[in-house]
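Written below as C-alpha coordinates is the structure these notes are about.
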Amino acid sequence: MDPVASLSPPIVIAHRGASGERPEHTLAAYARAIQQGADVIEPDLVPTRDGVLVARHENEISETTNVTDHPEFSDRRATKTIDGKTLTGWFTEDFTLAELKTLRARERLPLLRPDNTAYDGQETIPTLDEVIAFAKRHGVAIYPETKHPSYFAAIGHGTDAPLVAALKAAGWDSADAPVFIQSFEVANLRRLATMTKIRLIQLVDADGTPADGAAASYADMTTPAGLAAIARYAWGIGPNKAMLWQGDAPSTLVRDAHAAGLRVHPWTYRAENYFLPSPFRQGMNPRGHGDVAAEIAAALRLGIDGFFTDFPAIGVKARNDARGVK
(Lines give C-alpha, C1' and ligand atoms only; values in the text may rest on other atoms or scores of the structure.)
Protein backbone atom coordinates (compact mmCIF):
# COMPACT_ATOMS: atom_id res chain seq x y z
CA MET A 1 0.00 0.00 0.00
CA ASP A 2 1.47 3.33 -1.07
CA PRO A 3 1.63 5.99 1.66
CA VAL A 4 -1.04 8.72 1.60
CA ALA A 5 -0.05 12.28 2.45
CA SER A 6 -1.13 13.67 5.81
CA LEU A 7 -2.53 17.20 6.15
CA SER A 8 0.07 17.98 8.83
CA PRO A 9 3.41 16.37 9.75
CA PRO A 10 2.48 13.46 12.05
CA ILE A 11 2.89 14.17 15.76
CA VAL A 12 3.53 11.66 18.55
CA ILE A 13 1.13 12.21 21.45
CA ALA A 14 2.21 10.64 24.74
CA HIS A 15 -1.03 9.11 26.03
CA ARG A 16 -1.16 10.05 29.72
CA GLY A 17 2.60 10.39 29.41
CA ALA A 18 4.78 7.34 28.78
CA SER A 19 2.10 5.34 30.54
CA GLY A 20 3.49 2.04 29.28
CA GLU A 21 6.54 2.61 31.48
CA ARG A 22 5.39 4.80 34.40
CA PRO A 23 2.11 5.25 36.30
CA GLU A 24 -0.11 7.39 34.10
CA HIS A 25 -0.70 11.12 34.49
CA THR A 26 2.34 11.75 36.66
CA LEU A 27 5.19 14.15 36.06
CA ALA A 28 7.44 11.09 35.89
CA ALA A 29 5.35 9.68 33.03
CA TYR A 30 5.43 13.02 31.23
CA ALA A 31 9.18 13.36 31.78
CA ARG A 32 9.79 9.89 30.38
CA ALA A 33 7.70 10.73 27.31
CA ILE A 34 9.61 13.94 26.69
CA GLN A 35 12.91 12.11 27.12
CA GLN A 36 11.76 9.67 24.44
CA GLY A 37 10.96 12.43 21.97
CA ALA A 38 7.19 12.85 22.23
CA ASP A 39 5.87 16.04 20.64
CA VAL A 40 2.87 16.30 22.94
CA ILE A 41 1.86 15.15 26.44
CA GLU A 42 -1.74 14.43 27.35
CA PRO A 43 -3.39 15.39 30.65
CA ASP A 44 -6.97 14.22 31.17
CA LEU A 45 -8.63 16.79 33.41
CA VAL A 46 -11.04 16.47 36.31
CA PRO A 47 -11.84 19.04 39.05
CA THR A 48 -11.28 19.03 42.78
CA ARG A 49 -13.88 20.20 45.30
CA ASP A 50 -12.21 23.60 45.38
CA GLY A 51 -12.26 23.92 41.61
CA VAL A 52 -8.69 23.03 40.65
CA LEU A 53 -8.18 20.98 37.49
CA VAL A 54 -5.95 17.95 38.03
CA ALA A 55 -4.62 15.23 35.74
CA ARG A 56 -6.45 11.93 36.21
CA HIS A 57 -7.99 9.67 33.59
CA GLU A 58 -11.15 9.46 35.68
CA ASN A 59 -12.53 11.31 38.66
CA GLU A 60 -12.84 7.93 40.43
CA ILE A 61 -9.33 7.44 41.80
CA SER A 62 -9.21 4.11 43.64
CA GLU A 63 -7.37 2.45 40.71
CA THR A 64 -4.78 5.18 40.17
CA THR A 65 -3.94 6.33 43.72
CA ASN A 66 -3.44 4.87 47.19
CA VAL A 67 -6.63 6.48 48.52
CA THR A 68 -7.77 3.13 49.96
CA ASP A 69 -4.71 3.19 52.23
CA HIS A 70 -5.90 6.45 53.86
CA PRO A 71 -8.40 5.68 56.63
CA GLU A 72 -9.04 9.38 57.11
CA PHE A 73 -10.82 9.35 53.74
CA SER A 74 -12.86 6.18 54.24
CA ASP A 75 -16.03 8.25 54.63
CA ARG A 76 -15.52 9.78 51.18
CA ARG A 77 -16.38 6.50 49.48
CA ALA A 78 -19.51 7.12 47.45
CA THR A 79 -21.70 5.75 44.68
CA LYS A 80 -22.42 8.04 41.74
CA THR A 81 -23.95 7.83 38.29
CA ILE A 82 -21.69 9.40 35.66
CA ASP A 83 -22.66 9.42 32.00
CA GLY A 84 -25.21 6.70 32.69
CA LYS A 85 -22.79 4.38 34.53
CA THR A 86 -22.99 3.70 38.26
CA LEU A 87 -19.62 3.74 40.00
CA THR A 88 -18.56 3.25 43.62
CA GLY A 89 -15.29 4.64 44.87
CA TRP A 90 -13.52 7.89 45.70
CA PHE A 91 -14.04 10.91 43.46
CA THR A 92 -11.81 13.95 42.94
CA GLU A 93 -14.71 16.37 43.29
CA ASP A 94 -15.08 15.27 46.92
CA PHE A 95 -11.49 16.24 47.81
CA THR A 96 -9.73 19.56 48.07
CA LEU A 97 -6.47 19.90 46.20
CA ALA A 98 -4.58 19.86 49.50
CA GLU A 99 -6.22 16.54 50.39
CA LEU A 100 -5.49 15.03 46.96
CA LYS A 101 -1.86 16.05 47.29
CA THR A 102 -1.54 13.72 50.30
CA LEU A 103 -2.24 10.77 47.99
CA ARG A 104 0.28 9.05 45.78
CA ALA A 105 -0.14 7.67 42.27
CA ARG A 106 0.02 3.98 41.44
CA GLU A 107 -0.05 1.85 38.30
CA ARG A 108 -3.59 1.37 36.94
CA LEU A 109 -2.83 -1.89 35.08
CA PRO A 110 -0.54 -3.84 37.44
CA LEU A 111 -1.33 -7.23 35.89
CA LEU A 112 -0.37 -6.08 32.40
CA ARG A 113 2.40 -3.70 33.49
CA PRO A 114 3.93 -5.18 36.64
CA ASP A 115 7.25 -3.37 36.15
CA ASN A 116 5.46 -0.06 36.56
CA THR A 117 4.47 -0.93 40.11
CA ALA A 118 8.08 -0.23 41.14
CA TYR A 119 7.12 3.45 40.83
CA ASP A 120 3.98 3.22 42.95
CA GLY A 121 3.83 5.77 45.72
CA GLN A 122 6.49 8.09 44.29
CA GLU A 123 4.39 10.74 42.55
CA THR A 124 1.61 13.12 43.49
CA ILE A 125 -1.39 14.05 41.33
CA PRO A 126 -0.29 16.99 39.16
CA THR A 127 -2.47 20.04 38.57
CA LEU A 128 -3.11 21.47 35.13
CA ASP A 129 -0.95 24.46 36.06
CA GLU A 130 1.90 22.12 36.99
CA VAL A 131 1.56 20.27 33.67
CA ILE A 132 1.56 23.55 31.74
CA ALA A 133 4.68 24.75 33.55
CA PHE A 134 6.35 21.37 32.96
CA ALA A 135 5.51 21.42 29.25
CA LYS A 136 6.81 24.97 28.90
CA ARG A 137 10.10 24.08 30.57
CA HIS A 138 10.61 21.21 28.14
CA GLY A 139 9.22 22.81 24.98
CA VAL A 140 6.42 20.35 24.25
CA ALA A 141 2.73 20.81 23.51
CA ILE A 142 -0.15 19.63 25.69
CA TYR A 143 -3.35 17.86 24.69
CA PRO A 144 -5.85 18.22 27.57
CA GLU A 145 -9.09 16.24 27.56
CA THR A 146 -12.12 17.54 29.40
CA LYS A 147 -13.56 14.48 31.11
CA HIS A 148 -17.33 14.20 31.63
CA PRO A 149 -17.95 17.93 31.06
CA SER A 150 -21.77 17.67 31.22
CA TYR A 151 -21.63 15.74 34.49
CA PHE A 152 -19.28 18.24 36.10
CA ALA A 153 -21.27 21.23 34.85
CA ALA A 154 -24.43 19.69 36.33
CA ILE A 155 -22.85 19.46 39.80
CA GLY A 156 -21.46 22.99 39.68
CA HIS A 157 -17.89 22.10 38.72
CA GLY A 158 -17.78 23.08 35.05
CA THR A 159 -14.36 22.54 33.49
CA ASP A 160 -14.45 24.62 30.29
CA ALA A 161 -14.00 28.07 31.84
CA PRO A 162 -11.15 27.13 34.21
CA LEU A 163 -9.36 25.30 31.40
CA VAL A 164 -9.54 28.30 29.08
CA ALA A 165 -8.51 30.63 31.91
CA ALA A 166 -5.44 28.53 32.72
CA LEU A 167 -4.41 28.39 29.07
CA LYS A 168 -4.88 32.14 28.63
CA ALA A 169 -2.81 32.75 31.76
CA ALA A 170 -0.07 30.70 30.08
CA GLY A 171 -0.30 32.93 27.00
CA TRP A 172 -2.06 30.28 24.95
CA ASP A 173 -5.15 31.47 23.07
CA SER A 174 -4.37 31.09 19.39
CA ALA A 175 -4.54 28.46 16.67
CA ASP A 176 -0.76 28.15 16.73
CA ALA A 177 -0.50 27.72 20.51
CA PRO A 178 1.11 24.40 21.53
CA VAL A 179 -2.24 23.05 22.70
CA PHE A 180 -5.05 20.81 21.46
CA ILE A 181 -8.27 20.47 23.50
CA GLN A 182 -10.15 17.19 23.09
CA SER A 183 -13.51 15.85 24.23
CA PHE A 184 -15.87 12.95 23.53
CA GLU A 185 -18.76 15.34 24.03
CA VAL A 186 -19.93 17.85 21.44
CA ALA A 187 -21.68 20.75 23.11
CA ASN A 188 -18.68 21.68 25.23
CA LEU A 189 -16.40 21.76 22.16
CA ARG A 190 -18.87 24.01 20.39
CA ARG A 191 -18.90 26.22 23.47
CA LEU A 192 -15.10 26.19 23.68
CA ALA A 193 -14.96 27.31 20.05
CA THR A 194 -16.59 30.56 21.19
CA MET A 195 -14.19 30.94 24.14
CA THR A 196 -10.76 30.26 22.65
CA LYS A 197 -8.94 30.07 19.32
CA ILE A 198 -7.02 26.96 20.43
CA ARG A 199 -7.37 23.92 18.15
CA LEU A 200 -10.18 21.58 19.17
CA ILE A 201 -10.33 17.83 18.58
CA GLN A 202 -13.59 15.89 18.51
CA LEU A 203 -13.03 12.41 19.95
CA VAL A 204 -15.13 9.64 18.43
CA ASP A 205 -15.49 5.95 19.14
CA ALA A 206 -16.37 2.93 17.05
CA ASP A 207 -19.67 2.55 18.91
CA GLY A 208 -21.91 4.58 21.15
CA THR A 209 -23.15 8.14 21.46
CA PRO A 210 -21.76 11.34 22.99
CA ALA A 211 -22.77 11.52 26.66
CA ASP A 212 -24.34 14.95 26.16
CA GLY A 213 -26.76 13.59 23.55
CA ALA A 214 -25.68 16.26 21.06
CA ALA A 215 -25.47 13.73 18.24
CA ALA A 216 -27.40 10.58 17.43
CA SER A 217 -24.26 8.43 17.38
CA TYR A 218 -20.55 8.52 16.71
CA ALA A 219 -21.30 6.58 13.53
CA ASP A 220 -23.44 9.48 12.29
CA MET A 221 -20.69 11.93 13.22
CA THR A 222 -18.14 10.13 11.04
CA THR A 223 -20.15 10.14 7.82
CA PRO A 224 -19.02 12.77 5.30
CA ALA A 225 -21.92 14.99 6.38
CA GLY A 226 -21.12 14.45 10.06
CA LEU A 227 -17.45 15.26 9.52
CA ALA A 228 -18.38 18.44 7.67
CA ALA A 229 -20.44 19.44 10.70
CA ILE A 230 -17.51 18.74 13.03
CA ALA A 231 -15.25 20.88 10.86
CA ARG A 232 -17.41 23.90 11.66
CA TYR A 233 -16.10 23.94 15.25
CA ALA A 234 -13.11 21.56 15.44
CA TRP A 235 -9.67 21.30 13.86
CA GLY A 236 -9.51 17.53 13.90
CA ILE A 237 -10.89 14.23 15.13
CA GLY A 238 -9.49 11.63 17.47
CA PRO A 239 -10.95 8.26 16.43
CA ASN A 240 -10.59 4.85 17.98
CA LYS A 241 -7.75 3.30 15.94
CA ALA A 242 -10.05 0.42 14.94
CA MET A 243 -12.08 2.91 12.90
CA LEU A 244 -9.22 3.26 10.42
CA TRP A 245 -9.89 -0.25 9.14
CA GLN A 246 -12.64 -2.47 7.78
CA GLY A 247 -11.13 -5.89 8.29
CA ASP A 248 -7.70 -5.79 6.65
CA ALA A 249 -8.64 -2.96 4.30
CA PRO A 250 -8.54 0.76 5.12
CA SER A 251 -11.84 2.42 5.90
CA THR A 252 -12.66 5.75 4.27
CA LEU A 253 -12.40 7.66 7.57
CA VAL A 254 -9.01 9.32 7.03
CA ARG A 255 -9.85 10.24 3.45
CA ASP A 256 -13.28 11.59 4.42
CA ALA A 257 -11.92 13.56 7.40
CA HIS A 258 -9.18 15.10 5.27
CA ALA A 259 -11.75 16.03 2.63
CA ALA A 260 -13.56 17.97 5.37
CA GLY A 261 -10.29 19.67 6.35
CA LEU A 262 -9.97 17.72 9.59
CA ARG A 263 -6.74 16.25 10.96
CA VAL A 264 -6.86 12.67 12.26
CA HIS A 265 -5.20 11.61 15.55
CA PRO A 266 -6.21 8.00 16.36
CA TRP A 267 -5.96 6.40 19.81
CA THR A 268 -4.37 4.40 21.42
CA TYR A 269 -1.31 2.42 20.28
CA ARG A 270 -0.11 0.07 23.01
CA ALA A 271 2.61 -2.55 22.83
CA GLU A 272 1.00 -5.33 24.87
CA ASN A 273 -0.54 -8.24 22.95
CA TYR A 274 -3.70 -7.69 24.99
CA PHE A 275 -4.34 -4.44 23.09
CA LEU A 276 -3.04 -5.39 19.65
CA PRO A 277 -5.02 -6.69 16.67
CA SER A 278 -4.15 -10.32 15.98
CA PRO A 279 -1.81 -9.68 13.00
CA PHE A 280 0.53 -7.72 15.27
CA ARG A 281 0.57 -10.01 18.31
CA GLN A 282 3.70 -11.98 19.14
CA GLY A 283 3.28 -15.03 21.35
CA MET A 284 0.39 -15.91 23.67
CA ASN A 285 1.22 -13.86 26.75
CA PRO A 286 -1.27 -10.96 27.05
CA ARG A 287 1.35 -8.78 28.74
CA GLY A 288 4.03 -9.67 26.19
CA HIS A 289 4.86 -7.07 23.59
CA GLY A 290 3.87 -7.49 19.97
CA ASP A 291 4.75 -5.40 16.94
CA VAL A 292 2.99 -2.12 17.72
CA ALA A 293 5.54 -0.33 15.54
CA ALA A 294 4.15 -2.18 12.52
CA GLU A 295 0.60 -1.27 13.57
CA ILE A 296 1.58 2.41 13.80
CA ALA A 297 3.39 2.22 10.45
CA ALA A 298 0.26 0.82 8.80
CA ALA A 299 -1.79 3.73 10.18
CA LEU A 300 0.81 6.26 9.04
CA ARG A 301 0.56 4.90 5.51
CA LEU A 302 -3.12 5.89 5.59
CA GLY A 303 -2.14 9.54 6.06
CA ILE A 304 -2.93 10.11 9.74
CA ASP A 305 -1.70 13.40 11.18
CA GLY A 306 -0.58 12.06 14.55
CA PHE A 307 -1.39 9.33 17.04
CA PHE A 308 -1.71 8.60 20.73
CA THR A 309 0.59 5.98 22.22
CA ASP A 310 1.51 4.68 25.67
CA PHE A 311 5.01 3.96 24.32
CA PRO A 312 6.42 7.19 22.85
CA ALA A 313 9.87 5.75 22.10
CA ILE A 314 8.32 3.16 19.80
CA GLY A 315 5.99 5.76 18.33
CA VAL A 316 8.76 8.26 17.63
CA LYS A 317 10.89 5.63 15.87
CA ALA A 318 7.93 4.40 13.81
CA ARG A 319 7.04 7.94 12.79
CA ASN A 320 10.63 8.83 11.95
CA ASP A 321 11.14 5.61 9.97
CA ALA A 322 7.98 6.37 7.98
CA ARG A 323 9.32 9.83 7.18
CA GLY A 324 12.82 8.62 6.42
CA VAL A 325 14.27 10.53 9.37
CA LYS A 326 17.34 9.08 11.06
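Every chain in the C-alpha coordinates takes a letter, A first, then B, and so on in the order presented; its residues are numbered from 1, and the ligands are numbered from 1 following the presented order.
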- Identify all residues of stretch 37-131 of chain A in strand (DSSP E) (DSSP on the backbone) and supply them as a count of residues only. 19
- Task: Pick out the residues sitting within 10 Å of stretch 17-32 of chain A, and hand them over as a ChimeraX atom specification; count only C-alpha atoms, and ignore anything fewer than 5 positions along from it in its own chain.
- Result: /A:37-38,40-45,54-57,64-65,104-110,112-127,130-131,134-135,138,270-272,308-313
- Query: Tell me, which residues of stretch 23-268 of chain A carry DSSP helix (DSSP H, G or I), written as JSON, numbers by chain?
  - Reply: {"A": [27, 28, 29, 30, 31, 32, 33, 34, 35, 67, 68, 69, 71, 72, 73, 74, 75, 76, 92, 93, 94, 97, 98, 99, 100, 114, 115, 116, 117, 118, 119, 128, 129, 130, 131, 132, 133, 134, 135, 136, 137, 138, 149, 150, 151, 152, 153, 154, 160, 161, 162, 163, 164, 165, 166, 167, 168, 169, 187, 188, 189, 190, 191, 192, 193, 218, 219, 220, 221, 224, 225, 226, 227, 228, 229, 230, 241, 242, 243, 244, 253, 254, 255, 256, 257, 258, 259]}
- Message: Would you pick out the contacts of A:Ile82 at 10 Å or less, using only C-alpha atoms, so that residues sharing its chain but fewer than 6 positions from it are not included, and give the list as JSON, numbers by chain?
- Response: {"A": [59, 148, 150, 151, 152, 211]}
- Query: For A:Phe184, which residue among A:Asp83, A:Arg137, A:Lys168, A:Ala229 is the nearest when counting only C-alpha atoms?
  - Reply: A:Asp83
- Closest of A:Val292, A:Val164, A:Met243, A:Ala260 to A:Met195 - atom-to-atom distances counting only C-alpha atoms: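 Under the stated criterion, the closest residue is A:Val164.
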